[in-house]
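Student: Sharing a structure here in structure tokens format.
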Amino acid sequence: MVYVASARPVYLHDRVAPVSNRVCQVVNGQPLQVLEHARRFLKVKTEKNEIGWIEERATIDEKTYDGFTQLAAESKNDPVAATATLRDDLAMHLLPGRETERFYLLPGNTKVQLLVRASAPKKAAEALGPLPANAAKPEVGGKSAPAAGNAKPGTAKAPPAAVAEAAPPEMEDWWLARDPQGHVGWLLASRLDVDVPDEVAQYSEGQRMVGAWMLTKVTDSGADPPGDKAEYVTALAPPQSGMPYDFDQIRVFTWSLKHHRYETAFRVHPIQGYLPVLVFTQNTASGKVPAFSFELASSGNVTTDPATGITRPVAPRTIDYEMIDTQVKRIGPDMAPIPTMHEPGEKKPEKKHKGGKE
């Protein structure tokens with residue numbers, strides 16, 4: 001068996017020739033029984049017993065199909081980190097990366113559940129830049145060939161003291177996602193929009209909102225329009241891909257009954273945070289109140305899965321907060337200080353010296 005993996009509908013043809021007749025149309029995900037192999041083509045039969053030829057590159061084999069099935073089974077109980085909407089038609093991949101096997105084609109505006117984020121090189125293999133002018137040429141016959149005009153006949157020029165290293169590959173983010181039919185695969189993050197309410201998205205301040213989760217609602221009869229207003233905990237990250245963490249900021253937006261607008265009730269930044277952000281209720285002396293939690297790296301040690309590019313802390317910490325009215329308070333068994341994170345090249349605040357002298 002093979003399965004149609006073409007982004008566009010394709011036709012089976014009655015023969016492999018410059019001139020042929022169309023037998024029927026087949027679509028993405030449709031199973032086909034292989035009857036005969038030819039160079040670059042397969043003779044197949046549909047479930048309706050229609051027989052024709054199809055290009056092999058427009059299909060995936062059973063092993064790849066089983067890989068998608070296994071991925072869905074393994075992710076069945078994974079918590080949903082956020083939800084998103086596809087900007088246009090997008091194919092699910094078996095692994096992060098543009099050159100990896102793809103199968104299910106999701107139409108634009110499809111709502112998907114995001115499970116975990118990963119990063120992968122934008123190109124499968126980065127081309128090396130040109131060698132410096134004084135660099136030794138590649139070895140020929142086991143010896144280093146001298147640079148033209150820089151060595152005497154019969155001698156080999158010594159390699160330079162330092163050779164410029166290739167630039168690191170450009171990275172891009174991918175999401176392991178679940179579609180409404182339960183199919184699971186990797187989607188390119190730049191081709192989807194995380195669902196964030198417009199009323200809080202406007203406060204992103206140039207950062208990328210990773211997600212927004214409703215904590216509770218308050219009723220404001222003096223608002224325009226009057227009614228219930230949701231309050232959110234949000235996670236934000238720098239507007240770039242390939243970061244070793246999911247977000248570097250947690251921010252809580254509450255609704256001001258006095259000013260009839262959203263205000264920041266709590267903010268912690270910069271941190272090395274990881275999804276999922278979980279929302280729940282906490283029992284207090286005055287009753288149940290909204291609460292939330294997220295994960296931090298307990299140290300700078302993180303591990304990256306070589307197959308998927310998923311980065312996770314070696315020993316994660318779970319940080320909990322509760323919200324009473326507009327006050328956000330730290331709770332839970334982990335009350336140790338939250339370390340602040342500084343990006344490479346970012347200067348730490350200088351300490352002020354008393355007396356104006358060093």
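Here, A, B, ... name the chains of the structure tokens in the order displayed, residue numbers run from 1 inside each chain, and ligands are numbered from 1 in the same displayed order.
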If you count only C-alpha atoms, which residues fall within 8 Å of region 274-287 of chain A, apart from same-chain ones fewer than 2 positions away, as a list in words?
Tutor: Pro79, Val80, Ala81, Val116, Trp213, Met214, Leu215, Tyr245, Asp246, Phe247, Gln272, Val289, Pro290, Ala291, Phe292, Ser293, Phe294, Glu295, Leu296, Ala297, Arg312 and Glu322 of chain A
Student: Just write the chosen residues, C-alpha atoms, as a PDB file, in the first residue's frame.
Tutor:
ATOM      1  CA  PRO A  79      -1.505  18.563  27.071  1.00  0.00           C
ATOM      2  CA  VAL A  80      -2.466  21.316  24.652  1.00  0.00           C
ATOM      3  CA  ALA A  81      -0.007  24.199  24.936  1.00  0.00           C
ATOM      4  CA  VAL A 116       5.201  21.152  21.671  1.00  0.00           C
ATOM      5  CA  TRP A 213      -5.070  31.539  28.786  1.00  0.00           C
ATOM      6  CA  MET A 214      -8.188  32.863  30.499  1.00  0.00           C
ATOM      7  CA  LEU A 215      -7.979  32.956  34.291  1.00  0.00           C
ATOM      8  CA  TYR A 245      13.275  28.120  25.598  1.00  0.00           C
ATOM      9  CA  ASP A 246       9.580  28.590  24.777  1.00  0.00           C
ATOM     10  CA  PHE A 247       9.120  32.039  26.337  1.00  0.00           C
ATOM     11  CA  GLN A 272      13.833  30.752  30.685  1.00  0.00           C
ATOM     12  CA  VAL A 289      -9.458  31.404  43.128  1.00  0.00           C
ATOM     13  CA  PRO A 290      -7.801  31.133  39.690  1.00  0.00           C
ATOM     14  CA  ALA A 291      -4.226  29.913  39.577  1.00  0.00           C
ATOM     15  CA  PHE A 292      -1.615  29.017  36.979  1.00  0.00           C
ATOM     16  CA  SER A 293       1.749  27.275  36.652  1.00  0.00           C
ATOM     17  CA  PHE A 294       4.642  27.049  34.207  1.00  0.00           C
ATOM     18  CA  GLU A 295       8.049  25.403  34.028  1.00  0.00           C
ATOM     19  CA  LEU A 296      11.510  26.898  34.425  1.00  0.00           C
ATOM     20  CA  ALA A 297      14.975  25.521  33.905  1.00  0.00           C
ATOM     21  CA  ARG A 312      13.769  20.784  27.439  1.00  0.00           C
ATOM     22  CA  GLU A 322      -2.718  32.284  42.444  1.00  0.00           C
TER      23      GLU A 322
END
Student: Excluding Lys123 (chain A) and any residue of its chain fewer than 2 positions from it, enumerate the residues within 9 Å of it, using only C-alpha atoms, and give them as a PyMOL selection string.
Tutor: chain A and resi 97-99+120-121+125-126+169-171
Student: DSSP on the backbone: what in region 184-260 of chain A comes out strand (DSSP E), as a PyMOL selection string?
Tutor: chain A and resi 184-188+192-194+208-220+227-237+249-256
Student: Go ahead and save the picked residues with N, CA and C atoms, as a short mmCIF file (atom, residue, chain, number, x, y, z; two decimals), in the first residue's frame.
Tutor:
data_model
loop_
_atom_site.label_atom_id
_atom_site.label_comp_id
_atom_site.auth_asym_id
_atom_site.auth_seq_id
_atom_site.Cartn_x
_atom_site.Cartn_y
_atom_site.Cartn_z
N VAL A 184 -1.78 13.97 13.68
CA VAL A 184 -0.71 14.69 14.37
C VAL A 184 0.51 14.77 13.46
N GLY A 185 1.13 15.93 13.42
CA GLY A 185 2.33 16.12 12.62
C GLY A 185 2.94 17.48 12.92
N TRP A 186 4.08 17.74 12.32
CA TRP A 186 4.80 18.99 12.56
C TRP A 186 4.40 20.04 11.52
N LEU A 187 4.12 21.26 11.99
CA LEU A 187 3.72 22.37 11.14
C LEU A 187 4.71 23.52 11.30
N LEU A 188 5.01 24.18 10.20
CA LEU A 188 5.92 25.32 10.23
C LEU A 188 5.28 26.48 10.98
N LEU A 192 1.41 29.83 10.69
CA LEU A 192 0.20 29.76 11.51
C LEU A 192 0.20 30.90 12.52
N ASP A 193 -0.97 31.22 13.02
CA ASP A 193 -1.13 32.29 14.00
C ASP A 193 -1.69 31.71 15.29
N VAL A 194 -0.96 31.89 16.38
CA VAL A 194 -1.43 31.44 17.69
C VAL A 194 -2.66 32.26 18.07
N ARG A 208 6.60 38.36 20.70
CA ARG A 208 5.73 37.35 20.08
C ARG A 208 4.94 36.66 21.18
N MET A 209 3.61 36.71 21.09
CA MET A 209 2.79 36.05 22.09
C MET A 209 2.72 34.56 21.80
N VAL A 210 3.20 33.77 22.74
CA VAL A 210 3.20 32.31 22.60
C VAL A 210 1.83 31.75 22.92
N GLY A 211 1.09 32.41 23.79
CA GLY A 211 -0.24 31.93 24.14
C GLY A 211 -0.90 32.84 25.16
N ALA A 212 -2.20 32.73 25.27
CA ALA A 212 -2.98 33.47 26.26
C ALA A 212 -4.05 32.54 26.81
N TRP A 213 -4.15 32.47 28.14
CA TRP A 213 -5.07 31.54 28.79
C TRP A 213 -5.95 32.32 29.76
N MET A 214 -7.25 32.12 29.66
CA MET A 214 -8.19 32.86 30.50
C MET A 214 -8.14 32.35 31.93
N LEU A 215 -7.99 33.28 32.87
CA LEU A 215 -7.98 32.96 34.29
C LEU A 215 -9.38 33.05 34.89
N THR A 216 -10.07 34.13 34.60
CA THR A 216 -11.40 34.34 35.16
C THR A 216 -12.08 35.46 34.38
N LYS A 217 -13.30 35.82 34.77
CA LYS A 217 -14.04 36.92 34.16
C LYS A 217 -14.56 37.85 35.25
N VAL A 218 -14.63 39.15 34.91
CA VAL A 218 -15.24 40.12 35.80
C VAL A 218 -16.32 40.86 35.01
N THR A 219 -17.33 41.34 35.69
CA THR A 219 -18.43 42.06 35.05
C THR A 219 -18.25 43.55 35.25
N ASP A 220 -18.22 44.28 34.12
CA ASP A 220 -18.06 45.73 34.17
C ASP A 220 -19.26 46.37 33.47
N GLY A 227 -20.42 44.45 30.09
CA GLY A 227 -20.51 43.00 30.07
C GLY A 227 -19.33 42.35 30.76
N ASP A 228 -19.17 41.04 30.54
CA ASP A 228 -18.09 40.27 31.16
C ASP A 228 -16.78 40.52 30.42
N LYS A 229 -15.71 40.70 31.16
CA LYS A 229 -14.38 40.90 30.60
C LYS A 229 -13.45 39.81 31.12
N ALA A 230 -12.81 39.11 30.22
CA ALA A 230 -11.91 38.03 30.60
C ALA A 230 -10.57 38.58 31.05
N GLU A 231 -9.95 37.88 31.98
CA GLU A 231 -8.61 38.22 32.45
C GLU A 231 -7.68 37.07 32.10
N TYR A 232 -6.44 37.40 31.68
CA TYR A 232 -5.57 36.40 31.06
C TYR A 232 -4.19 36.35 31.70
N VAL A 233 -3.60 35.15 31.64
CA VAL A 233 -2.17 34.98 31.83
C VAL A 233 -1.60 34.71 30.44
N THR A 234 -0.52 35.41 30.09
CA THR A 234 0.07 35.28 28.76
C THR A 234 1.54 34.93 28.86
N ALA A 235 2.06 34.30 27.80
CA ALA A 235 3.49 34.00 27.69
C ALA A 235 4.00 34.68 26.43
N LEU A 236 5.14 35.35 26.54
CA LEU A 236 5.71 36.08 25.41
C LEU A 236 7.17 35.68 25.20
N ALA A 237 7.63 35.84 23.96
CA ALA A 237 9.00 35.47 23.61
C ALA A 237 9.55 36.49 22.62
N GLN A 249 8.92 35.54 29.18
CA GLN A 249 8.11 36.49 29.96
C GLN A 249 6.72 35.91 30.24
N ILE A 250 6.29 36.05 31.49
CA ILE A 250 4.92 35.76 31.89
C ILE A 250 4.28 37.08 32.31
N ARG A 251 3.09 37.34 31.76
CA ARG A 251 2.42 38.61 32.06
C ARG A 251 0.93 38.35 32.27
N VAL A 252 0.37 38.89 33.36
CA VAL A 252 -1.04 38.73 33.69
C VAL A 252 -1.76 40.06 33.43
N PHE A 253 -2.84 39.97 32.64
CA PHE A 253 -3.66 41.14 32.34
C PHE A 253 -4.99 41.01 33.09
N THR A 254 -5.29 42.02 33.91
CA THR A 254 -6.58 42.09 34.60
C THR A 254 -7.37 43.28 34.07
N TRP A 255 -8.67 43.25 34.32
CA TRP A 255 -9.54 44.33 33.83
C TRP A 255 -9.80 45.32 34.96
N SER A 256 -9.52 46.59 34.69
CA SER A 256 -9.72 47.64 35.70
C SER A 256 -11.17 48.11 35.66
#
Student: Skipping near chain neighbours, those fewer than 2 positions away, what residues fall within 7 Å of Val112 (chain A) using only C-alpha atoms, listed as a ChimeraX atom specification?
Tutor: /A:83-85,110,114,177-180
Student: Could you tell me how far CA of Ala91 (chain A) sits from CA of Val16 (chain A), in Å to one decimal place?
Tutor: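 For CA of Val16 (chain A) relative to CA of Ala91 (chain A), the distance reads 27.8 Å.
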Student: Pick out the closest residue to Ser299 (chain A) from this set: A:Gly222, A:Asp66, A:Ile271, A:Ile324. Count only C-alpha atoms.
Tutor: A:Ile271
Student: What does the distance between CA of Thr340 (chain A) and CA of Pro270 (chain A) come to in Å, to one decimal place?
Tutor: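 Straight-line distance from CA of Thr340 (chain A) to CA of Pro270 (chain A) works out to 5.4 Å.
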Student: Can you work out the spacing between CA of Val44 (chain A) and CA of Gly67 (chain A) in Å, to one decimal?
Tutor: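 Those two atoms sit 21.8 Å apart.
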Student: Considering only C-alpha atoms, can you say which of A:Phe266, A:Trp53, A:Tyr3, A:Phe41 comes closest to Arg102 (chain A)?
Tutor: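 Ranked by minimum distance to Arg102 (chain A), first place goes to A:Tyr3.
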Student: Report the residues of region 12-255 of chain A whose backbone DSSP state falls under alpha helix (DSSP H), written as a PyMOL selection string.
Tutor: chain A and resi 62-74+198-201
